[in-house]
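What follows is the content of structure18.tsv (TSV, C-alpha atoms and all ligand atoms).
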chain	number	residue	atom	x	y	z
M	1	MET	CA	36.17	204.83	6.88
M	2	ALA	CA	37.72	205.08	3.46
M	3	GLU	CA	36.35	207.65	1.10
M	4	ALA	CA	34.70	206.42	-2.06
M	5	PRO	CA	36.83	207.21	-5.09
M	6	ALA	CA	35.56	209.95	-7.37
M	7	ALA	CA	33.45	208.65	-10.22
M	8	GLU	CA	35.78	207.81	-13.03
M	9	LYS	CA	35.25	209.19	-16.47
M	10	THR	CA	34.94	206.43	-18.97
M	11	GLN	CA	34.81	205.95	-22.70
M	12	ARG	CA	31.40	205.36	-24.19
M	13	PRO	CA	30.88	203.94	-27.66
M	14	ILE	CA	28.60	205.93	-29.94
M	15	VAL	CA	26.83	202.74	-31.07
M	16	PRO	CA	26.17	199.64	-28.94
M	17	PHE	CA	27.98	197.28	-31.35
M	18	LEU	CA	31.28	199.15	-30.96
M	19	LYS	CA	33.06	197.42	-28.07
M	20	LEU	CA	35.83	199.14	-26.10
M	21	PRO	CA	37.48	196.44	-23.97
M	22	ALA	CA	39.65	197.54	-21.02
M	23	THR	CA	42.54	195.64	-22.60
M	24	GLY	CA	43.01	194.97	-26.28
M	25	ASN	CA	41.78	196.81	-29.31
M	26	PRO	CA	38.30	198.19	-29.90
M	27	TYR	CA	36.20	196.02	-32.17
M	28	LEU	CA	32.79	195.71	-33.78
M	29	GLN	CA	30.53	193.04	-32.38
M	30	GLY	CA	28.29	190.88	-34.49
M	31	SER	CA	25.82	188.04	-34.04
M	32	ARG	CA	26.21	184.68	-35.72
M	33	CYS	CA	23.26	182.39	-36.32
M	34	LYS	CA	23.77	179.04	-34.57
M	35	LYS	CA	21.80	177.22	-37.26
M	36	CYS	CA	23.14	178.56	-40.57
M	37	GLY	CA	26.17	180.66	-39.60
M	38	ALA	CA	24.90	183.91	-41.14
M	39	THR	CA	26.56	186.86	-39.42
M	40	TYR	CA	25.10	190.29	-38.71
M	41	LEU	CA	26.37	193.56	-37.33
M	42	GLY	CA	25.22	194.16	-33.76
M	43	ALA	CA	22.62	192.26	-31.74
M	44	ARG	CA	19.74	190.55	-33.50
M	45	MET	CA	16.59	188.72	-32.47
M	46	ALA	CA	16.24	186.48	-35.53
M	47	CYS	CA	18.12	185.31	-38.60
M	48	SER	CA	16.79	186.74	-41.85
M	49	LYS	CA	18.44	183.94	-43.81
M	50	CYS	CA	16.99	180.85	-42.12
M	51	PHE	CA	14.40	182.57	-39.86
M	52	SER	CA	15.81	180.91	-36.75
M	53	THR	CA	14.84	182.76	-33.57
M	54	ASP	CA	17.32	180.89	-31.38
M	55	ALA	CA	19.78	183.04	-29.44
M	56	MET	CA	22.76	183.98	-31.59
M	57	ASP	CA	26.43	183.79	-30.74
M	58	ASP	CA	28.29	187.04	-30.13
M	59	VAL	CA	31.28	187.30	-32.43
M	60	GLN	CA	34.17	189.71	-32.63
M	61	LEU	CA	34.24	191.04	-36.20
M	62	SER	CA	37.44	191.65	-38.10
M	63	ASP	CA	38.88	195.18	-37.91
M	64	LYS	CA	39.97	194.92	-41.55
M	65	GLY	CA	37.76	194.89	-44.59
M	66	GLU	CA	37.31	196.13	-48.13
M	67	LEU	CA	35.78	199.34	-49.39
M	68	HIS	CA	32.58	198.23	-51.09
M	69	VAL	CA	31.18	201.59	-52.15
M	70	PHE	CA	31.74	205.23	-51.24
M	71	SER	CA	30.26	208.65	-51.79
M	72	ILE	CA	31.84	212.03	-51.14
M	73	VAL	CA	29.37	214.12	-49.18
M	74	HIS	CA	29.48	217.85	-49.86
M	75	GLN	CA	26.33	218.95	-48.04
M	76	SER	CA	25.25	217.75	-44.63
M	77	ALA	CA	23.37	218.79	-41.51
M	78	PRO	CA	24.44	222.08	-39.88
M	79	GLY	CA	27.59	221.59	-37.80
M	80	VAL	CA	28.81	218.55	-39.74
M	81	PRO	CA	32.03	219.46	-41.56
M	82	THR	CA	32.08	218.61	-45.26
M	83	PRO	CA	33.32	217.19	-47.50
M	84	TYR	CA	33.64	213.74	-45.99
M	85	ILE	CA	33.61	210.19	-47.30
M	86	ALA	CA	30.56	208.06	-46.55
M	87	ALA	CA	31.11	204.40	-47.31
M	88	ILE	CA	30.09	200.81	-46.91
M	89	VAL	CA	32.87	198.45	-45.90
M	90	ASP	CA	32.58	194.68	-46.33
M	91	LEU	CA	34.10	192.57	-43.56
M	92	PRO	CA	35.39	189.02	-44.16
M	93	GLU	CA	32.54	187.65	-42.01
M	94	GLY	CA	30.07	188.74	-44.69
M	95	VAL	CA	28.94	191.80	-42.78
M	96	SER	CA	28.55	195.24	-44.36
M	97	VAL	CA	29.25	198.29	-42.21
M	98	ARG	CA	28.12	201.84	-42.94
M	99	CYS	CA	30.89	204.19	-41.91
M	100	ASN	CA	33.06	207.15	-42.81
M	101	ILE	CA	36.51	206.84	-44.36
M	102	GLN	CA	39.29	208.85	-42.68
M	103	GLY	CA	42.94	209.35	-43.38
M	104	VAL	CA	42.68	210.46	-47.01
M	105	GLU	CA	41.54	213.62	-48.72
M	106	PRO	CA	37.93	213.21	-49.84
M	107	ASP	CA	38.78	212.90	-53.51
M	108	PRO	CA	37.72	209.99	-55.74
M	109	LYS	CA	41.32	209.60	-56.96
M	110	ASN	CA	42.33	208.44	-53.46
M	111	LEU	CA	39.70	205.72	-53.27
M	112	LYS	CA	39.21	202.44	-55.08
M	113	PHE	CA	36.42	199.92	-54.79
M	114	GLY	CA	37.79	196.85	-53.05
M	115	MET	CA	40.73	198.67	-51.47
M	116	PRO	CA	41.75	197.31	-48.05
M	117	VAL	CA	40.72	199.40	-45.04
M	118	GLN	CA	41.17	199.12	-41.30
M	119	MET	CA	38.94	200.27	-38.44
M	120	VAL	CA	40.08	203.18	-36.28
M	121	THR	CA	38.40	204.85	-33.33
M	122	GLU	CA	38.49	208.42	-32.10
M	123	LYS	CA	36.93	210.62	-29.46
M	124	ILE	CA	34.35	212.81	-31.15
M	125	ARG	CA	32.98	214.70	-28.18
M	126	THR	CA	32.42	214.68	-24.43
M	127	ASP	CA	28.99	213.79	-23.09
M	128	ARG	CA	27.12	215.63	-20.30
M	129	GLU	CA	28.72	213.49	-17.57
M	130	GLY	CA	32.21	214.20	-18.92
M	131	ASN	CA	32.74	210.81	-20.56
M	132	ASP	CA	34.56	210.52	-23.86
M	133	VAL	CA	32.24	209.50	-26.69
M	134	ILE	CA	34.08	207.19	-29.08
M	135	ALA	CA	33.18	206.69	-32.74
M	136	PHE	CA	34.65	204.36	-35.32
M	137	SER	CA	35.58	204.85	-38.94
M	138	PHE	CA	37.81	203.10	-41.42
M	139	LYS	CA	41.02	204.25	-43.11
M	140	PRO	CA	42.97	202.88	-46.05
M	141	ILE	CA	45.72	200.47	-45.00
C	201	ZN	ZN	20.34	181.45	-39.78
Translate this structure into structure tokens?
Amino acid sequence: MAEAPAAEKTQRPIVPFLKLPATGNPYLQGSRCKKCGATYLGARMACSKCFSTDAMDDVQLSDKGELHVFSIVHQSAPGVPTPYIAAIVDLPEGVSVRCNIQGVEPDPKNLKFGMPVQMVTEKIRTDREGNDVIAFSFKPI
């Protein structure tokens, strides 16, 4: 009798709408209303634009967007390194994503409203079962 293989450590997204396919790039998943086409981040029960409660289509959101607004955070919860850049990024599908901006010093001179940004993922910690926990952020292109 063959032995069962050891349980494999996997990658787990920190939020359910971050998808980590076995092949291809990680992406954010959204829902698109079948009636009016409004698109939302993550899963949704109803459309707040047309109030349709029909099932929505899952859509793969773009990994590129524009920096809508940002704030440089100097004080945070214990254990969270500061300063960091908290931001809202607009995706071409009409979806706004709250996220952090990586890849630049947290200084307003490095950031411009409307600048193009791209999603990146990184391992932020290991969970109790030894799986990698993956988070997403955006960086200037
Ligand atoms: Zn709708």
(message) Could you list, as a ChimeraX atom specification, all protein and nucleic acid residues with an atom at most 12 Å from ligand ZN 201 (chain C), counting all atoms listed in the file?
(response) /M:31-40,44-57
(request) Would you mind telling me which residue in M:Ile141, M:Asn100, M:Phe136, M:Phe70 lies nearest to Pro16 in chain M when using all atoms listed in the file? (result)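 Smallest distance to Pro16 in chain M is found for M:Phe136.
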(message) Just checking: using all atoms listed in the file, which residue out of M:Val59, M:Gly42, M:Val117, M:Asp107 ends up closest to His74 in chain M?
(response) M:Asp107
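Take CA of Leu41 in chain M and CA of Glu8 in chain M: the distance between them is 29.7 Å.
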(message) Please compute the CA of Ala77 in chain M-CA of Gly114 in chain M distance, one decimal, in Å.
(response) 28.7 Å
(request) Using all atoms listed in the file, pick whichever of M:Ser137, M:Pro83, M:His68, M:Leu28 has the shortest atom-to-atom distance to Ile124 in chain M. (result)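 With all atoms listed in the file as the atom set, the closest residue is M:Ser137.
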(message) Env of Thr82 in chain M: 9 Å cut, atoms = only C-alpha atoms, seq-sep filter 5 positions within chain, self excluded. Answer as a list in words.
(response) Ile72, Val73, His74, Gln75 and Ser76 of chain M
(request) Can you work out which one of M:Met119, M:Pro81, M:Glu93, M:Ile88 has the shortest atom-to-atom distance to Pro106 in chain M, counting all atoms listed in the file? (result)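 Of M:Met119, M:Pro81, M:Glu93, M:Ile88, the one nearest Pro106 in chain M, counting all atoms listed in the file, is M:Pro81.
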(message) To one decimal place in Å, what is the distance between CA of Pro92 in chain M and CA of Gly65 in chain M?
(response) 6.3 Å
(message) Give me, as a list in words, all polymer residues having an atom no more than 9 Å from Leu67 in chain M, counting all atoms listed in the file and skipping those fewer than 6 positions away in the same chain.
(response)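 Everything that qualifies: Ala87, Ile88, Val89, Asp90, Leu111, Lys112, Phe113, Gly114, Met115, Pro116, Val117 and Pro140 of chain M.
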(request) Pick out the residues sitting within 12 Å of Thr121 in chain M, and hand them over as a PyMOL selection string; count all atoms listed in the file, and ignore anything fewer than 4 positions along from it in its own chain. (result) chain M and resi 11-15+18-20+25-28+63+99-103+132-139
(request) Determine the nearest neighbour of Gln60 in chain M from the options M:Asn110, M:Gly79, M:Arg125, M:Leu91, counting all atoms listed in the file. (result) M:Leu91
Reconstruct N, CA and C atoms of range 40-55 of chain M from the incomplete input and present them as a PDB file, in the frame of the given file.
ATOM      1  N   TYR M  40      25.694 188.955 -38.621  1.00  0.00           N
ATOM      2  CA  TYR M  40      25.100 190.290 -38.710  1.00  0.00           C
ATOM      3  C   TYR M  40      25.852 191.242 -37.820  1.00  0.00           C
ATOM      4  N   LEU M  41      25.759 192.524 -38.166  1.00  0.00           N
ATOM      5  CA  LEU M  41      26.370 193.560 -37.330  1.00  0.00           C
ATOM      6  C   LEU M  41      25.438 193.826 -36.145  1.00  0.00           C
ATOM      7  N   GLY M  42      26.005 193.839 -34.934  1.00  0.00           N
ATOM      8  CA  GLY M  42      25.220 194.160 -33.760  1.00  0.00           C
ATOM      9  C   GLY M  42      24.343 192.998 -33.304  1.00  0.00           C
ATOM     10  N   ALA M  43      23.498 193.288 -32.314  1.00  0.00           N
ATOM     11  CA  ALA M  43      22.620 192.260 -31.740  1.00  0.00           C
ATOM     12  C   ALA M  43      21.414 192.067 -32.644  1.00  0.00           C
ATOM     13  N   ARG M  44      20.872 190.868 -32.650  1.00  0.00           N
ATOM     14  CA  ARG M  44      19.740 190.550 -33.500  1.00  0.00           C
ATOM     15  C   ARG M  44      18.850 189.509 -32.852  1.00  0.00           C
ATOM     16  N   MET M  45      17.544 189.641 -33.084  1.00  0.00           N
ATOM     17  CA  MET M  45      16.590 188.720 -32.470  1.00  0.00           C
ATOM     18  C   MET M  45      16.389 187.475 -33.329  1.00  0.00           C
ATOM     19  N   ALA M  46      16.536 187.599 -34.653  1.00  0.00           N
ATOM     20  CA  ALA M  46      16.240 186.480 -35.530  1.00  0.00           C
ATOM     21  C   ALA M  46      17.130 186.546 -36.753  1.00  0.00           C
ATOM     22  N   CYS M  47      17.301 185.398 -37.397  1.00  0.00           N
ATOM     23  CA  CYS M  47      18.120 185.310 -38.600  1.00  0.00           C
ATOM     24  C   CYS M  47      17.239 185.542 -39.818  1.00  0.00           C
ATOM     25  N   SER M  48      17.620 186.474 -40.665  1.00  0.00           N
ATOM     26  CA  SER M  48      16.790 186.740 -41.850  1.00  0.00           C
ATOM     27  C   SER M  48      17.110 185.776 -42.980  1.00  0.00           C
ATOM     28  N   LYS M  49      18.098 184.919 -42.785  1.00  0.00           N
ATOM     29  CA  LYS M  49      18.440 183.940 -43.810  1.00  0.00           C
ATOM     30  C   LYS M  49      17.662 182.637 -43.616  1.00  0.00           C
ATOM     31  N   CYS M  50      17.665 182.129 -42.371  1.00  0.00           N
ATOM     32  CA  CYS M  50      16.990 180.850 -42.120  1.00  0.00           C
ATOM     33  C   CYS M  50      15.802 181.011 -41.172  1.00  0.00           C
ATOM     34  N   PHE M  51      15.536 182.229 -40.730  1.00  0.00           N
ATOM     35  CA  PHE M  51      14.400 182.570 -39.860  1.00  0.00           C
ATOM     36  C   PHE M  51      14.469 181.929 -38.484  1.00  0.00           C
ATOM     37  N   SER M  52      15.642 181.440 -38.108  1.00  0.00           N
ATOM     38  CA  SER M  52      15.810 180.910 -36.750  1.00  0.00           C
ATOM     39  C   SER M  52      15.651 182.048 -35.751  1.00  0.00           C
ATOM     40  N   THR M  53      14.956 181.750 -34.632  1.00  0.00           N
ATOM     41  CA  THR M  53      14.840 182.760 -33.570  1.00  0.00           C
ATOM     42  C   THR M  53      15.616 182.308 -32.337  1.00  0.00           C
ATOM     43  N   ASP M  54      16.463 181.295 -32.490  1.00  0.00           N
ATOM     44  CA  ASP M  54      17.320 180.890 -31.380  1.00  0.00           C
ATOM     45  C   ASP M  54      18.314 181.998 -31.075  1.00  0.00           C
ATOM     46  N   ALA M  55      18.778 182.032 -29.824  1.00  0.00           N
ATOM     47  CA  ALA M  55      19.780 183.040 -29.440  1.00  0.00           C
ATOM     48  C   ALA M  55      21.001 182.894 -30.349  1.00  0.00           C
TER      49      ALA M  55
END
